[in-house]
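Shown next: run-v8.cif, given as mmCIF, C-alpha atoms and all ligand atoms.
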```cif
data_input
#
loop_
_atom_site.label_atom_id
_atom_site.label_comp_id
_atom_site.auth_asym_id
_atom_site.auth_seq_id
_atom_site.Cartn_x
_atom_site.Cartn_y
_atom_site.Cartn_z
CA MET A 132 23.66 82.86 -31.96
CA LEU A 133 20.88 84.56 -29.99
CA ASN A 134 19.96 88.24 -30.31
CA PHE A 135 21.71 90.42 -27.78
CA ASN A 136 22.19 93.91 -26.45
CA PHE A 137 25.61 94.70 -25.04
CA CYS A 138 26.48 97.98 -23.38
CA ALA A 139 29.66 98.13 -21.30
CA PRO A 140 30.45 101.81 -20.83
CA THR A 141 33.21 101.55 -18.18
CA ASN A 142 36.27 103.65 -19.04
CA PHE A 143 39.34 101.47 -18.40
CA HIS A 144 42.83 102.84 -17.78
CA PHE A 145 45.41 100.04 -17.71
CA GLY A 146 49.08 99.93 -16.77
CA ARG A 147 51.75 101.11 -14.38
CA GLY A 148 50.84 104.17 -12.35
CA VAL A 149 47.26 104.59 -13.62
CA GLU A 150 45.88 104.72 -10.06
CA MET A 151 47.44 108.17 -9.74
CA LYS A 152 44.83 109.51 -12.18
CA ALA A 153 41.99 108.98 -9.69
CA GLY A 154 41.73 112.56 -8.41
CA GLU A 155 42.04 114.13 -11.83
CA ILE A 156 39.35 111.88 -13.36
CA ILE A 157 36.87 112.41 -10.52
CA ALA A 158 37.39 116.19 -10.65
CA SER A 159 36.96 116.19 -14.45
CA MET A 160 33.59 114.49 -13.97
CA GLY A 161 32.45 117.13 -11.51
CA GLY A 162 32.98 115.05 -8.36
CA LYS A 163 33.28 117.28 -5.29
CA LYS A 164 33.32 114.80 -2.42
CA ALA A 165 34.22 111.11 -2.62
CA LEU A 166 33.69 108.16 -0.34
CA VAL A 167 36.91 106.12 -0.47
CA HIS A 168 35.85 102.57 0.33
CA TYR A 169 38.32 99.78 1.14
CA GLY A 170 38.74 96.43 2.86
CA GLY A 171 40.54 95.00 5.87
CA GLY A 172 43.77 96.94 5.57
CA SER A 173 45.88 95.60 2.66
CA VAL A 174 45.64 99.01 0.94
CA ILE A 175 46.88 100.73 4.09
CA ARG A 176 49.82 98.34 4.50
CA SER A 177 50.84 98.70 0.83
CA GLY A 178 50.69 102.52 1.01
CA LEU A 179 48.15 102.60 -1.83
CA LEU A 180 45.43 104.32 0.18
CA GLY A 181 47.75 107.17 1.16
CA ARG A 182 48.75 107.72 -2.48
CA ILE A 183 45.12 107.79 -3.59
CA LEU A 184 44.13 110.31 -0.94
CA GLU A 185 47.01 112.52 -2.13
CA THR A 186 45.70 112.46 -5.72
CA LEU A 187 42.27 113.49 -4.46
CA ASP A 188 43.75 116.32 -2.40
CA ALA A 189 45.85 117.49 -5.37
CA ALA A 190 42.74 117.57 -7.58
CA GLY A 191 40.66 119.42 -4.97
CA VAL A 192 38.28 116.50 -4.36
CA ALA A 193 37.17 116.32 -0.73
CA HIS A 194 36.88 112.82 0.72
CA ILE A 195 35.80 110.63 3.60
CA GLU A 196 37.07 107.10 4.14
CA LEU A 197 35.29 103.92 5.14
CA GLY A 198 37.23 100.66 5.37
CA GLY A 199 36.37 97.30 6.86
CA VAL A 200 34.77 95.53 3.89
CA GLN A 201 35.10 91.80 4.55
CA PRO A 202 35.52 89.13 1.87
CA ASN A 203 31.93 88.11 1.06
CA PRO A 204 30.86 91.71 1.78
CA ARG A 205 28.09 92.26 4.30
CA ALA A 206 24.89 94.27 4.01
CA SER A 207 25.39 95.90 7.44
CA LEU A 208 28.38 97.90 6.19
CA VAL A 209 26.45 98.95 3.08
CA TYR A 210 23.64 100.39 5.26
CA LYS A 211 26.18 102.21 7.39
CA ALA A 212 27.93 103.65 4.32
CA ILE A 213 24.65 104.80 2.72
CA ASP A 214 23.73 106.73 5.89
CA LEU A 215 27.19 108.24 6.12
CA CYS A 216 27.29 109.32 2.47
CA ARG A 217 23.85 110.93 2.66
CA LYS A 218 24.87 112.84 5.79
CA GLU A 219 28.18 113.94 4.26
CA ASN A 220 26.74 114.86 0.83
CA VAL A 221 29.08 112.50 -0.97
CA ASP A 222 28.68 112.64 -4.77
CA PHE A 223 31.24 110.03 -5.92
CA ILE A 224 32.13 106.52 -4.71
CA LEU A 225 35.69 105.27 -5.11
CA ALA A 226 36.39 101.59 -4.39
CA VAL A 227 39.99 100.59 -3.68
CA GLY A 228 40.36 96.83 -3.44
CA GLY A 229 39.11 93.51 -4.80
CA GLY A 230 35.69 92.22 -5.76
CA SER A 231 34.28 92.47 -2.24
CA VAL A 232 35.14 96.16 -1.90
CA ILE A 233 33.87 96.90 -5.39
CA ASP A 234 30.59 95.09 -4.77
CA SER A 235 30.07 96.88 -1.48
CA ALA A 236 30.74 100.17 -3.32
CA LYS A 237 28.27 99.22 -6.08
CA ALA A 238 25.54 98.56 -3.51
CA ILE A 239 26.27 101.92 -1.89
CA SER A 240 26.21 103.78 -5.20
CA VAL A 241 22.74 102.50 -6.15
CA GLY A 242 21.52 102.53 -2.53
CA ILE A 243 22.09 106.24 -1.86
CA PRO A 244 19.51 107.65 -4.32
CA TYR A 245 17.00 104.84 -3.61
CA GLU A 246 14.33 105.56 -1.04
CA GLY A 247 13.74 101.94 -0.10
CA ASP A 248 16.08 99.23 1.19
CA PHE A 249 18.99 98.55 -1.23
CA TRP A 250 18.42 94.82 -0.55
CA ASP A 251 15.30 95.12 -2.75
CA PHE A 252 17.73 94.97 -5.73
CA HIS A 253 19.12 91.66 -4.46
CA CYS A 254 15.87 89.89 -3.74
CA GLY A 255 14.15 90.87 -6.98
CA LYS A 256 11.75 93.40 -5.42
CA ALA A 257 13.04 96.41 -7.40
CA LYS A 258 15.45 97.47 -10.15
CA ALA A 259 17.91 100.32 -9.65
CA LYS A 260 17.04 103.42 -11.70
CA GLU A 261 19.88 105.74 -10.74
CA ARG A 262 23.18 105.75 -8.92
CA LEU A 263 26.12 107.84 -7.84
CA PRO A 264 29.13 107.60 -10.19
CA LEU A 265 31.51 104.84 -9.19
CA GLY A 266 35.27 104.61 -9.75
CA VAL A 267 37.36 101.52 -9.07
CA ILE A 268 41.03 100.95 -8.29
CA LEU A 269 41.52 97.20 -8.55
CA THR A 270 44.01 95.34 -6.32
CA LEU A 271 42.97 91.75 -7.03
CA ALA A 272 42.36 90.08 -10.39
CA ALA A 273 39.48 87.72 -9.76
CA ALA A 274 35.79 88.59 -9.58
CA GLY A 275 35.74 90.85 -12.64
CA SER A 276 33.49 93.24 -10.76
CA GLU A 277 35.48 96.13 -12.24
CA GLY A 278 33.68 95.54 -15.56
CA SER A 279 30.66 93.47 -14.63
CA SER A 280 26.99 94.25 -14.21
CA SER A 281 26.79 92.15 -11.01
CA CYS A 282 26.98 93.03 -7.36
CA VAL A 283 27.06 90.25 -4.74
CA ILE A 284 26.26 91.02 -1.09
CA THR A 285 25.65 88.85 1.97
CA GLN A 286 22.67 89.78 4.13
CA GLU A 287 23.57 88.62 7.64
CA GLU A 288 19.92 88.20 8.57
CA GLY A 289 19.04 84.83 7.07
CA ASN A 290 22.63 84.36 5.86
CA LEU A 291 21.67 85.13 2.27
CA LYS A 292 24.38 85.74 -0.33
CA ARG A 293 22.63 87.23 -3.33
CA GLY A 294 23.64 88.97 -6.55
CA SER A 295 21.89 91.84 -8.29
CA SER A 296 22.34 92.46 -11.98
CA SER A 297 22.02 95.82 -13.71
CA ASP A 298 24.04 97.89 -16.16
CA LEU A 299 23.99 100.56 -13.44
CA ASN A 300 26.37 98.27 -11.55
CA ARG A 301 29.04 98.75 -14.22
CA PRO A 302 31.68 101.14 -12.86
CA THR A 303 32.06 104.58 -14.45
CA PHE A 304 35.81 104.11 -14.63
CA ALA A 305 38.31 101.47 -13.57
CA LEU A 306 42.03 101.94 -12.98
CA LEU A 307 43.90 98.68 -13.51
CA ASN A 308 47.58 98.61 -12.56
CA PRO A 309 48.89 95.01 -12.49
CA GLU A 310 51.64 96.07 -10.05
CA LEU A 311 48.99 96.58 -7.37
CA THR A 312 48.31 92.82 -7.41
CA MET A 313 51.94 91.83 -6.71
CA THR A 314 51.38 91.82 -2.93
CA LEU A 315 48.70 89.13 -3.17
CA PRO A 316 49.40 85.88 -1.32
CA PRO A 317 49.61 82.86 -3.71
CA TYR A 318 46.34 81.48 -2.31
CA GLN A 319 44.40 84.63 -3.31
CA THR A 320 46.07 84.61 -6.74
CA ALA A 321 44.90 81.01 -7.16
CA CYS A 322 41.37 81.77 -5.94
CA GLY A 323 41.27 84.64 -8.43
CA ALA A 324 42.39 82.49 -11.37
CA THR A 325 39.79 79.87 -10.45
CA ASP A 326 37.01 82.45 -10.31
CA MET A 327 37.97 83.86 -13.72
CA LEU A 328 38.01 80.39 -15.27
CA ALA A 329 34.61 79.75 -13.72
CA HIS A 330 33.20 82.97 -15.21
CA VAL A 331 34.26 81.83 -18.66
CA MET A 332 33.00 78.28 -18.13
CA GLU A 333 29.56 79.41 -16.93
CA ARG A 334 29.25 80.89 -20.42
CA TYR A 335 31.13 78.21 -22.35
CA PHE A 336 28.88 75.33 -21.28
CA THR A 337 25.83 76.19 -23.34
CA ASN A 338 23.43 74.47 -25.68
CA THR A 339 23.23 77.48 -28.00
CA ASP A 340 24.51 76.73 -31.50
CA GLY A 341 26.43 79.03 -33.82
CA VAL A 342 28.68 80.60 -31.18
CA ASP A 343 32.05 79.58 -32.57
CA LEU A 344 33.54 83.07 -32.34
CA THR A 345 32.77 83.47 -28.63
CA ASP A 346 33.77 79.82 -28.01
CA ARG A 347 37.21 80.61 -29.38
CA LEU A 348 37.44 83.85 -27.43
CA CYS A 349 36.53 81.88 -24.28
CA GLU A 350 39.23 79.31 -25.07
CA ALA A 351 41.84 82.05 -25.57
CA VAL A 352 41.00 83.65 -22.24
CA MET A 353 41.01 80.30 -20.43
CA THR A 354 44.36 79.18 -21.87
CA SER A 355 45.91 82.55 -21.00
CA ILE A 356 44.74 82.22 -17.38
CA ILE A 357 46.03 78.64 -17.21
CA GLU A 358 49.46 79.81 -18.41
CA ALA A 359 49.73 82.99 -16.37
CA ALA A 360 48.44 81.83 -12.95
CA PRO A 361 51.31 79.44 -12.07
CA ILE A 362 53.85 82.07 -13.20
CA ALA A 363 52.28 84.76 -11.00
CA MET A 364 52.20 82.35 -8.05
CA LYS A 365 55.87 81.42 -8.37
CA ASP A 366 57.04 84.90 -9.26
CA PRO A 367 54.55 87.39 -7.71
CA ALA A 368 56.32 90.41 -9.21
CA ASN A 369 56.14 89.13 -12.79
CA TYR A 370 54.46 92.10 -14.49
CA ASP A 371 53.42 90.32 -17.67
CA ALA A 372 51.78 87.43 -15.85
CA ARG A 373 49.97 89.85 -13.52
CA ALA A 374 48.88 91.92 -16.53
CA GLN A 375 47.49 88.88 -18.39
CA LEU A 376 45.53 87.88 -15.30
CA MET A 377 44.22 91.36 -14.68
CA TRP A 378 42.79 91.85 -18.15
CA ALA A 379 41.63 88.23 -18.38
CA GLY A 380 39.64 88.73 -15.17
CA MET A 381 37.87 91.70 -16.73
CA LEU A 382 37.21 89.95 -20.05
CA ALA A 383 35.98 86.84 -18.28
CA HIS A 384 33.08 88.68 -16.69
CA ASN A 385 32.11 91.84 -18.57
CA ASN A 386 30.03 89.49 -20.77
CA SER A 387 31.81 90.07 -24.07
CA LEU A 388 32.38 86.28 -24.02
CA GLY A 389 28.80 85.43 -23.12
CA ILE A 390 26.73 87.49 -25.51
CA GLY A 391 24.41 85.67 -27.90
CA ARG A 392 24.29 82.44 -25.90
CA GLU A 393 22.37 80.91 -23.05
CA GLN A 394 24.56 80.86 -19.94
CA ASP A 395 24.40 78.46 -17.02
CA TRP A 396 25.47 80.00 -13.64
CA ALA A 397 24.31 77.05 -11.51
CA SER A 398 27.83 76.47 -10.14
CA HIS A 399 28.03 80.09 -8.99
CA GLN A 400 24.69 79.95 -7.21
CA ILE A 401 25.66 76.69 -5.52
CA GLU A 402 29.01 78.17 -4.50
CA HIS A 403 27.30 81.21 -3.01
CA GLU A 404 25.63 78.81 -0.56
CA LEU A 405 29.05 77.42 0.45
CA SER A 406 30.58 80.86 0.98
CA ALA A 407 27.46 82.10 2.81
CA LEU A 408 27.55 79.14 5.21
CA TYR A 409 31.29 78.64 5.76
CA ASP A 410 32.65 82.09 4.78
CA VAL A 411 35.18 80.48 2.41
CA ALA A 412 36.84 82.32 -0.48
CA HIS A 413 34.55 82.34 -3.52
CA GLY A 414 37.28 80.92 -5.81
CA ALA A 415 37.97 78.06 -3.39
CA GLY A 416 34.26 77.18 -3.27
CA LEU A 417 34.13 77.16 -7.06
CA ALA A 418 37.12 74.79 -7.23
CA VAL A 419 35.01 72.30 -5.26
CA VAL A 420 31.68 72.86 -7.04
CA PHE A 421 32.64 73.24 -10.71
CA PRO A 422 34.32 69.86 -11.34
CA ALA A 423 31.38 68.17 -9.60
CA TRP A 424 28.89 70.08 -11.76
CA MET A 425 30.86 69.07 -14.87
CA ARG A 426 30.88 65.37 -13.96
CA TYR A 427 27.14 65.57 -13.35
CA GLN A 428 26.41 67.35 -16.63
CA LEU A 429 28.84 65.55 -18.94
CA GLU A 430 26.20 63.20 -20.34
CA VAL A 431 24.03 66.14 -21.48
CA ASN A 432 26.46 67.19 -24.19
CA PRO A 433 29.67 65.11 -24.25
CA MET A 434 30.87 66.83 -27.44
CA ARG A 435 30.95 70.23 -25.74
CA PHE A 436 33.02 68.82 -22.87
CA ALA A 437 35.26 67.04 -25.41
CA GLN A 438 35.79 70.35 -27.24
CA PHE A 439 36.81 71.90 -23.89
CA ALA A 440 39.21 68.98 -23.30
CA VAL A 441 40.84 69.22 -26.72
CA ARG A 442 41.02 72.97 -27.23
CA VAL A 443 41.72 74.11 -23.67
CA TRP A 444 43.59 71.16 -22.13
CA GLY A 445 45.30 69.73 -25.24
CA CYS A 446 43.69 66.28 -24.92
CA SER A 447 43.53 64.04 -28.01
CA MET A 448 40.05 63.47 -29.38
CA ASP A 449 38.76 59.92 -29.10
CA PHE A 450 36.17 59.95 -31.89
CA GLN A 451 34.84 56.52 -30.93
CA HIS A 452 34.32 57.56 -27.32
CA PRO A 453 34.02 61.35 -27.04
CA GLU A 454 32.83 60.97 -23.43
CA ARG A 455 36.28 59.58 -22.53
CA THR A 456 37.92 62.70 -23.95
CA ALA A 457 35.35 64.79 -22.12
CA LEU A 458 36.17 63.13 -18.80
CA GLN A 459 39.88 63.58 -19.41
CA GLY A 460 39.32 67.34 -19.78
CA ILE A 461 37.53 67.48 -16.44
CA GLU A 462 40.37 65.51 -14.81
CA ARG A 463 42.98 67.86 -16.29
CA PHE A 464 41.00 70.84 -15.00
CA GLU A 465 40.91 69.31 -11.53
CA GLN A 466 44.63 68.51 -11.62
CA PHE A 467 45.27 72.12 -12.56
CA LEU A 468 43.22 73.35 -9.61
CA ARG A 469 45.15 71.06 -7.28
CA SER A 470 48.46 72.27 -8.75
CA LEU A 471 47.39 75.80 -7.70
CA GLY A 472 46.72 74.53 -4.17
CA MET A 473 42.95 74.84 -4.49
CA PRO A 474 40.66 72.51 -2.53
CA THR A 475 38.58 70.17 -4.69
CA THR A 476 36.62 68.29 -2.01
CA PHE A 477 34.19 69.17 0.78
CA ALA A 478 36.69 68.04 3.41
CA GLU A 479 39.46 70.26 2.06
CA LEU A 480 37.07 73.22 2.06
CA GLY A 481 35.82 72.49 5.58
CA ALA A 482 32.25 71.88 4.31
CA LYS A 483 29.96 69.25 5.83
CA GLU A 484 27.93 66.62 4.01
CA GLU A 485 25.02 66.97 6.44
CA ASP A 486 24.53 70.61 5.33
CA ILE A 487 23.82 69.60 1.71
CA PRO A 488 19.99 69.52 1.94
CA TYR A 489 19.98 72.93 3.65
CA MET A 490 22.20 74.49 0.97
CA ALA A 491 20.34 72.87 -1.92
CA ALA A 492 16.99 74.08 -0.59
CA LYS A 493 18.26 77.64 -0.09
CA CYS A 494 19.93 78.06 -3.48
CA LYS A 495 18.67 81.00 -5.56
CA ARG A 496 16.81 79.72 -8.64
CA ASN A 497 16.10 80.93 -12.17
CA ASN A 498 12.70 82.49 -12.60
CA GLY A 499 11.03 79.14 -11.97
CA ASP A 500 12.14 76.61 -9.40
CA LYS A 501 15.11 75.28 -11.39
CA LEU A 502 18.75 76.29 -11.28
CA GLY A 503 20.96 76.90 -14.34
CA PHE A 504 20.23 76.34 -18.01
CA PHE A 505 22.64 73.73 -19.41
CA ARG A 506 20.48 71.09 -17.76
CA PRO A 507 18.33 72.89 -15.20
CA LEU A 508 18.66 71.43 -11.72
CA ASP A 509 15.92 70.82 -9.18
CA THR A 510 16.67 70.55 -5.46
CA LYS A 511 17.42 66.83 -5.57
CA MET A 512 19.81 67.35 -8.52
CA ILE A 513 21.62 70.16 -6.68
CA GLU A 514 22.09 67.76 -3.79
CA ASP A 515 23.50 65.16 -6.20
CA VAL A 516 26.00 67.68 -7.58
CA LEU A 517 27.12 68.60 -4.07
CA ARG A 518 27.45 64.91 -3.10
CA LEU A 519 29.84 64.44 -6.04
CA ALA A 520 32.02 67.09 -4.37
CA VAL A 521 32.11 65.24 -1.03
CA ARG A 522 34.09 62.21 -2.22
O1 LIG B 601 40.42 93.25 2.78
P1 LIG B 601 41.83 93.43 2.41
O2 LIG B 601 42.72 93.70 3.56
O3 LIG B 601 42.02 94.43 1.31
O4 LIG B 601 42.38 92.00 1.88
C1 LIG B 601 41.81 91.34 0.76
C2 LIG B 601 40.93 90.16 1.15
O5 LIG B 601 41.31 89.63 2.38
C3 LIG B 601 42.93 90.67 0.01
N1 LIG B 601 43.56 91.54 -0.99
C4 LIG B 601 42.98 92.24 -1.99
N2 LIG B 601 43.92 92.85 -2.74
C5 LIG B 601 45.11 92.56 -2.16
C6 LIG B 601 44.89 91.73 -1.04
N3 LIG B 601 45.91 91.27 -0.28
C7 LIG B 601 47.15 91.64 -0.61
N4 LIG B 601 47.43 92.41 -1.69
C8 LIG B 601 46.45 92.88 -2.49
N5 LIG B 601 46.76 93.61 -3.57
O6 LIG B 601 42.31 89.60 -0.68
C9 LIG B 601 41.24 89.10 0.12
C10 LIG B 601 40.05 88.76 -0.77
O7 LIG B 601 39.50 89.93 -1.33
P2 LIG B 601 38.07 89.90 -2.06
O8 LIG B 601 37.79 91.25 -2.55
O9 LIG B 601 37.08 89.25 -1.16
O10 LIG B 601 38.33 88.88 -3.26
P3 LIG B 601 37.70 88.81 -4.70
O11 LIG B 601 38.18 89.89 -5.58
O12 LIG B 601 37.92 87.42 -5.12
O13 LIG B 601 36.13 89.07 -4.48
C11 LIG B 601 35.30 88.06 -3.99
C12 LIG B 601 33.88 88.56 -3.86
O14 LIG B 601 33.36 88.93 -5.15
C13 LIG B 601 32.13 88.21 -5.38
C14 LIG B 601 32.35 86.94 -4.62
O15 LIG B 601 31.17 86.22 -4.40
C15 LIG B 601 32.97 87.46 -3.34
O16 LIG B 601 31.98 87.99 -2.50
N6 LIG B 601 31.88 88.11 -6.82
C16 LIG B 601 31.53 89.23 -7.45
C17 LIG B 601 31.22 89.23 -8.79
C18 LIG B 601 30.80 90.47 -9.49
N7 LIG B 601 30.50 91.52 -8.76
O17 LIG B 601 30.72 90.52 -10.72
C19 LIG B 601 31.25 88.01 -9.59
C20 LIG B 601 31.90 86.87 -8.93
O18 LIG B 601 31.37 85.68 -9.45
C21 LIG B 601 31.79 86.82 -7.44
O19 LIG B 601 30.58 86.21 -7.04
ZN ZN B 602 32.71 84.24 -9.55
#
```

What does the file become when written as structure tokens?
Ligand code: NZQ
Ligand code: ZN
Amino acid sequence: MLNFNFCAPTNFHFGRGVEMKAGEIIASMGGKKALVHYGGGSVIRSGLLGRILETLDAAGVAHIELGGVQPNPRASLVYKAIDLCRKENVDFILAVGGGSVIDSAKAISVGIPYEGDFWDFHCGKAKAKERLPLGVILTLAAAGSEGSSSCVITQEEGNLKRGSSSDLNRPTFALLNPELTMTLPPYQTACGATDMLAHVMERYFTNTDGVDLTDRLCEAVMTSIIEAAPIAMKDPANYDARAQLMWAGMLAHNNSLGIGREQDWASHQIEHELSALYDVAHGAGLAVVFPAWMRYQLEVNPMRFAQFAVRVWGCSMDFQHPERTALQGIERFEQFLRSLGMPTTFAELGAKEEDIPYMAAKCKRNNGDKLGFFRPLDTKMIEDVLRLAVR
């Protein structure tokens, strides 16, 4: 196990009705005026936004609202929100929605006190040093942004989808009521489950030794997602399934599963190129990229893939031919994705083979010119991974 530092100070409130604490919590932290940030309207249709505004009014917290965050949130709305908040003397940001709304709110919260362009944090030009406090009311179990240190924004100019990473991106508090996710269409539930699995797998596929504890934690989270997702899709109002998914999504990405090990993240960076170019759901893009990445990387460490096959997918270990077991695990994973209605090929996603060189060239790299750590990929190798997804 590698040395690590882990600080995850978000205060989580979980369960039925917790969203009604929003006003009281913000007031108790000294918040006087909040920006309530939301997406394309699901929180209006469900009545959630109205309830939240009432809790703010009851607690004496003034507020302004800004909706319109799109999936794969755009920089233009972040700039607009930063200007608005400065003009209105906002001192608290409250995100009500899924990962896109939360990420947009994160960018706003670090962007307001920063004199330069907030995009500096996304292109490696600067590190955030301060922020406005940020509260989250989660409506979609998926990205794990409610507990993560990441913030992913798409800059329309140049069509760049880029993440920034900082502990200042971790929300001050997060209110997680599984009931708020019951209105999700099955497709979004499936995209969410896929994204959570991907967050665990980016950490699970490592060459670091001595990480048995976090391996087993990863396996527990993955098997719980695999059990709960089909239940939530068939029975959207199943509280327990929604609750498992909601907490699994947080655990999958607050890095408690990834500490002390080298992590990969190539599949995520490759997916960001797909969602930047075709504006597809992040989870759907991952369903296409991850199995291809696994097939490409299997030979690097067949025993790790075989462990995944046996412990997560219940495959029997073939000790003579561990690579056969490994491949079986990848096939089971793919079957599972298909059973959720996820695309697993370029055609199903609406992606085009001729765009592969463009995407591979544009992909954000590690510090050098390679991508990922399990077996670092150069541009040609990224193209090979993407070609495996064409089929
Ligand atoms: O916009 P509204 O109308 O609210 O509708 C949303 C949106 O269309 C809808 N939705 C959300 N909650 C709902 C609901 N519909 C009905 N009932 C509800 N309760 O779902 C759609 C998708 O929402 P979005 O927020 O885009 O999804 P998700 O949570 O999957 O977030 C995806 C974004 O997060 C980024 C992705 O790249 C993508 O941009 N990620 C962020 C990460 C992070 N910050 O740590 C890590 C991830 O790897 C990921 O990259
Ligand atoms: Zn993700």

task = Produce as a ChimeraX atom specification the set of residues near ligand ZN 602 (chain B), where near means within 7 Å with all atoms listed in the file considered.
result = /A:274,326-327,329-330,399,413-414

query = Out of A:Pro474, A:Gly161, A:Gly416, A:Pro488, which residue has the shortest atom-to-atom distance to ligand LIG 601 (chain B) when counting only C-alpha atoms and all ligand atoms?
reply =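 Checking each candidate against ligand LIG 601 (chain B), we get A:Gly416 as the closest.
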
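With all atoms listed in the file as the atoms that count, the residue of A:Glu404, A:Asp515, A:Asp486, A:Glu393 with the shortest distance to ligand LIG 601 (chain B) is A:Glu404.
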
Sorted per-residue table, chain A near ligand LIG 601 (chain B), closest atoms and distance, 7 Å, only C-alpha atoms and all ligand atoms, as CSV:
```
residue,atom,partner,partner_atom,distance
A:Tyr169,CA,B:LIG601,O3,6.5
A:Gly170,CA,B:LIG601,O1,3.6
A:Gly171,CA,B:LIG601,O2,3.4
A:Gly172,CA,B:LIG601,O2,4.0
A:Ser173,CA,B:LIG601,O2,3.8
A:Val174,CA,B:LIG601,O3,5.8
A:Val200,CA,B:LIG601,O1,6.2
A:Gln201,CA,B:LIG601,O1,5.8
A:Pro202,CA,B:LIG601,O9,3.4
A:Asn203,CA,B:LIG601,O16,3.6
A:Pro204,CA,B:LIG601,O16,5.8
A:Gly228,CA,B:LIG601,N2,5.4
A:Gly229,CA,B:LIG601,O8,3.5
A:Gly230,CA,B:LIG601,O11,3.4
A:Ser231,CA,B:LIG601,O8,3.7
A:Val232,CA,B:LIG601,O8,5.6
A:Asp234,CA,B:LIG601,N7,5.4
A:Thr270,CA,B:LIG601,N5,4.3
A:Leu271,CA,B:LIG601,N2,4.5
A:Ala272,CA,B:LIG601,O11,6.4
A:Ala273,CA,B:LIG601,O11,4.9
A:Ala274,CA,B:LIG601,C20,4.3
A:Gly275,CA,B:LIG601,O17,5.4
A:Ser276,CA,B:LIG601,O17,3.9
A:Ser279,CA,B:LIG601,O17,4.9
A:Ser280,CA,B:LIG601,O17,6.3
A:Ser281,CA,B:LIG601,O17,4.3
A:Cys282,CA,B:LIG601,N7,4.1
A:Val283,CA,B:LIG601,C16,5.3
A:Ile284,CA,B:LIG601,O16,6.6
A:Leu311,CA,B:LIG601,N5,5.3
A:Thr312,CA,B:LIG601,N5,4.2
A:Met313,CA,B:LIG601,N5,6.3
A:Thr314,CA,B:LIG601,N4,4.2
A:Leu315,CA,B:LIG601,N4,3.8
A:Pro316,CA,B:LIG601,C7,6.2
A:Gln319,CA,B:LIG601,O6,6.0
A:Cys322,CA,B:LIG601,O12,6.7
A:Gly323,CA,B:LIG601,O12,5.5
A:Asp326,CA,B:LIG601,O18,6.6
A:His330,CA,B:LIG601,O18,6.6
A:His384,CA,B:LIG601,O17,6.7
A:His399,CA,B:LIG601,O18,6.5
A:His403,CA,B:LIG601,O15,6.5
A:Ala412,CA,B:LIG601,C11,6.9
A:His413,CA,B:LIG601,C14,5.2
A:Gly414,CA,B:LIG601,O12,6.6
```

inquiry  = I'd like the contact shell of region 188-199 of chain A - 9 Å cut-off, all atoms listed in the file, skipping same-chain residues fewer than 5 positions apart - returned as a PyMOL selection string.
reply    = chain A and resi 153-158+162-172+183+208+212+216+219+221+232

ask   = Looking at A:Gly278, A:Gly146, A:Gly481, A:Gly181, which one is nearest to Phe304 (chain A), with distances taken over all atoms listed in the file?
value =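 Smallest separation from Phe304 (chain A) among the options: A:Gly278.
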
Atomic distance CA of Phe223 (chain A) - CA of Asn142 (chain A), expressed in Å with one decimal = 15.4 Å

task = Tell me, in Å to one decimal, how far CA of Ile487 (chain A) is from CA of Gln394 (chain A).
result =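 Distance reported for this atom pair: 24.4 Å.
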
message = Around (38.6, 78.1, -24.1), as given in the file, which residues come within 12 Å? Count only C-alpha atoms and list them as JSON, numbers by chain.
response = {"A": [327, 328, 329, 330, 331, 332, 333, 334, 335, 336, 343, 344, 345, 346, 347, 348, 349, 350, 351, 352, 353, 354, 355, 356, 357, 383, 388, 435, 436, 437, 438, 439, 440, 441, 442, 443, 444, 445, 460, 464]}

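Of the residues listed (A:Leu405, A:Leu269, A:Val411, A:Val209), A:Val209 shows the shortest atom-to-atom separation from Trp250 (chain A); distances use only C-alpha atoms.
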
query = Taking only C-alpha atoms into account, which of A:Lys501, A:Arg455, A:Lys493, A:Arg522 comes nearest Gly289 (chain A)?
reply =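 Comparing A:Lys501, A:Arg455, A:Lys493, A:Arg522 against Gly289 (chain A), the winner is A:Lys493.
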
inquiry  = What does the structure give for the distance between CA of Thr325 (chain A) and CA of Gln375 (chain A), in Å to one decimal?
reply    = 14.3 Å

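Of the listed residues (A:Ile243, A:Ala491, A:Pro361, A:Asp251), A:Ile243 comes nearest to Lys211 (chain A); the distances count all atoms listed in the file.
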
request  = Could you give me, as a ChimeraX atom specification, the residues within 10 Å of Glu479 (chain A), counting only C-alpha atoms and dropping anything in the same chain fewer than 5 positions from it?
outcome  = /A:415,419,473-474,521
